[in-house]
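Written below as structure tokens is the structure these notes are about.
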Amino acid sequence: MATHLIDGPYFEEFFLGQTFVAPSITVTEGHAAMYGALFGDRMRLPLDRHLAQKVTGDARGVCHPYLAMHLAAGQTTYASQHVKGNLFYRGVLLRRPVFIGDSLYTTTRVIGLKQNAIKPGRAATGMVVLEMTTVNQHDEVVLHFWRCPMIACKDTEANTGHNDSFDSIPNSFALEELLGALPTGWNLAPLACDITGLKSPVVAKGDVFEIGPKDTVTCAPELVRMSLNIAYTHTDATRSYLGQRLVYGGHTISFALAQVQRALPNVLHMVAWRHCNHVGPVLEGDIISTRFTVVDCTAVPQGGALLDLAVEAFAHRADKEGAMKQEKVLDWGLVMWSA
């Protein structure tokens, strides 16, 4: 007879080159329905299978690209169960679309370790840079990215000496890389529409969009569980430095993305993230607002244009006196393909 403690790694237990795998997952209609219920996202191809078939030539439904990202990110969280917060994503590239019925397999590798400065009275923590590669059932790479969780040390006074530089993590892409991630042979003509509320505005470099409608954060643990995310701080308030459950950063990003798409209704695909920094915490019940700036707009041979966007999201919550306060929580460099 034995007692087994099931727990994730602390910062001292990581080493360079360490690799983690997770259960594979098949994307289903149930995942798609839950994603829609959580965020009300209006990206057209995942919503309409008949339209998607006309555009893609594939009878399968299109998986929302950020749903695929959620599932892949969740598969990486064995390594980050003791996370205090995910600090950033870098170099996210969605190399090919995911369809309903595809299975996703994600490998996570440790490529950098840096302990935070030791300060009296503060428990020791460190930053772990993880490199992720997700393939489908045909062993085709569909997603590649880096992220950096801040992880607790088991010994609150640990001094590991880890001090790696993170400068090698990319935060930009050559145009050729972005074009290589766009599917070929898609017919964009069925997306032409002059119906009020669906006609995209003429977008020019330097344009700023303020999204009027806001969204209240609800059901945060449900998304965490659906995506196999096992970071304690998102489901157990006693493991959060805030004393409340910390909302998974992807939840905030999904609201920001859904709000961006209200302004850009003919978005076809989320192509890449140059960077994504979580600059403040989000709690259940916060109200999320978004604005974005068009950094660049590039016509592409596949049709339509690549839109380079600088997205900011803000959390609105009441302070102790009941007055509403606004805090910036997201700084996101996003590349979208729009018809």
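So you can find residues: chains in the structure tokens are A, B, ... in the order shown, residues in each start at 1, and ligands are numbered from 1 in order.
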
field: All residues 7 Å or closer to A:Gln137, only C-alpha atoms, same chain fewer than 5 positions away omitted, as JSON, numbers by chain
entry: {"A": [102, 103, 104]}

message: Excluding stretch 75-87 of chain A and its own-chain neighbours fewer than 4 positions away, which residues fall within 8 Å of it when counting only C-alpha atoms? Please give them as a ChimeraX atom specification.
response: /A:7-10,20-24,71,106-108,132,147-152,227-233,240-241,249,277-279

- line: Taken to one decimal, the atom CA of A:Leu191-atom CA of A:Val311 distance is 24.6 Å

- prompt: At what distance in Å, to one decimal, does atom CA of A:Val295 lie from atom CA of A:Val55?
  reply: 27.2 Å

task: Can you list, as a list in words, all residues belonging to stretch 77-244 of chain A that DSSP tags as alpha helix (DSSP H)?
output: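 Taking stretch 77-244 of chain A and keeping alpha helix (DSSP H) only, one gets Leu175, Glu176, Glu177, Leu178, Leu179, Gly180, Ala220, Pro221, Glu222, Leu223, Val224, Arg225 and Met226 of chain A.
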
Write the residues of the preceding selection, restricted to N, CA and C atoms, as a PDB file, in the first residue's frame.
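Once everything was written out, this is part-v7.pdb:
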ATOM      1  N   LEU A 175       7.170  38.564 -43.777  1.00  0.00           N
ATOM      2  CA  LEU A 175       5.915  38.465 -44.528  1.00  0.00           C
ATOM      3  C   LEU A 175       5.781  37.082 -45.156  1.00  0.00           C
ATOM      4  N   GLU A 176       6.882  36.496 -45.596  1.00  0.00           N
ATOM      5  CA  GLU A 176       6.834  35.175 -46.220  1.00  0.00           C
ATOM      6  C   GLU A 176       6.302  34.120 -45.249  1.00  0.00           C
ATOM      7  N   GLU A 177       6.650  34.241 -43.956  1.00  0.00           N
ATOM      8  CA  GLU A 177       6.140  33.293 -42.969  1.00  0.00           C
ATOM      9  C   GLU A 177       4.634  33.424 -42.811  1.00  0.00           C
ATOM     10  N   LEU A 178       4.157  34.645 -42.773  1.00  0.00           N
ATOM     11  CA  LEU A 178       2.720  34.872 -42.621  1.00  0.00           C
ATOM     12  C   LEU A 178       1.959  34.377 -43.850  1.00  0.00           C
ATOM     13  N   LEU A 179       2.488  34.677 -45.040  1.00  0.00           N
ATOM     14  CA  LEU A 179       1.831  34.205 -46.260  1.00  0.00           C
ATOM     15  C   LEU A 179       1.817  32.687 -46.319  1.00  0.00           C
ATOM     16  N   GLY A 180       2.898  32.053 -45.829  1.00  0.00           N
ATOM     17  CA  GLY A 180       2.971  30.598 -45.829  1.00  0.00           C
ATOM     18  C   GLY A 180       1.961  29.949 -44.905  1.00  0.00           C
ATOM     19  N   ALA A 220     -15.516  31.480 -16.075  1.00  0.00           N
ATOM     20  CA  ALA A 220     -14.080  31.334 -16.317  1.00  0.00           C
ATOM     21  C   ALA A 220     -13.572  29.919 -16.045  1.00  0.00           C
ATOM     22  N   PRO A 221     -13.964  29.255 -14.939  1.00  0.00           N
ATOM     23  CA  PRO A 221     -13.459  27.893 -14.720  1.00  0.00           C
ATOM     24  C   PRO A 221     -13.949  26.890 -15.759  1.00  0.00           C
ATOM     25  N   GLU A 222     -15.123  27.161 -16.342  1.00  0.00           N
ATOM     26  CA  GLU A 222     -15.657  26.218 -17.331  1.00  0.00           C
ATOM     27  C   GLU A 222     -14.766  26.148 -18.563  1.00  0.00           C
ATOM     28  N   LEU A 223     -14.279  27.288 -19.039  1.00  0.00           N
ATOM     29  CA  LEU A 223     -13.352  27.266 -20.173  1.00  0.00           C
ATOM     30  C   LEU A 223     -12.066  26.561 -19.792  1.00  0.00           C
ATOM     31  N   VAL A 224     -11.581  26.805 -18.574  1.00  0.00           N
ATOM     32  CA  VAL A 224     -10.358  26.167 -18.104  1.00  0.00           C
ATOM     33  C   VAL A 224     -10.502  24.645 -18.156  1.00  0.00           C
ATOM     34  N   ARG A 225     -11.609  24.155 -17.630  1.00  0.00           N
ATOM     35  CA  ARG A 225     -11.791  22.696 -17.589  1.00  0.00           C
ATOM     36  C   ARG A 225     -11.988  22.115 -18.988  1.00  0.00           C
ATOM     37  N   MET A 226     -12.752  22.818 -19.833  1.00  0.00           N
ATOM     38  CA  MET A 226     -12.978  22.321 -21.183  1.00  0.00           C
ATOM     39  C   MET A 226     -11.672  22.171 -21.948  1.00  0.00           C
TER      40      MET A 226
END
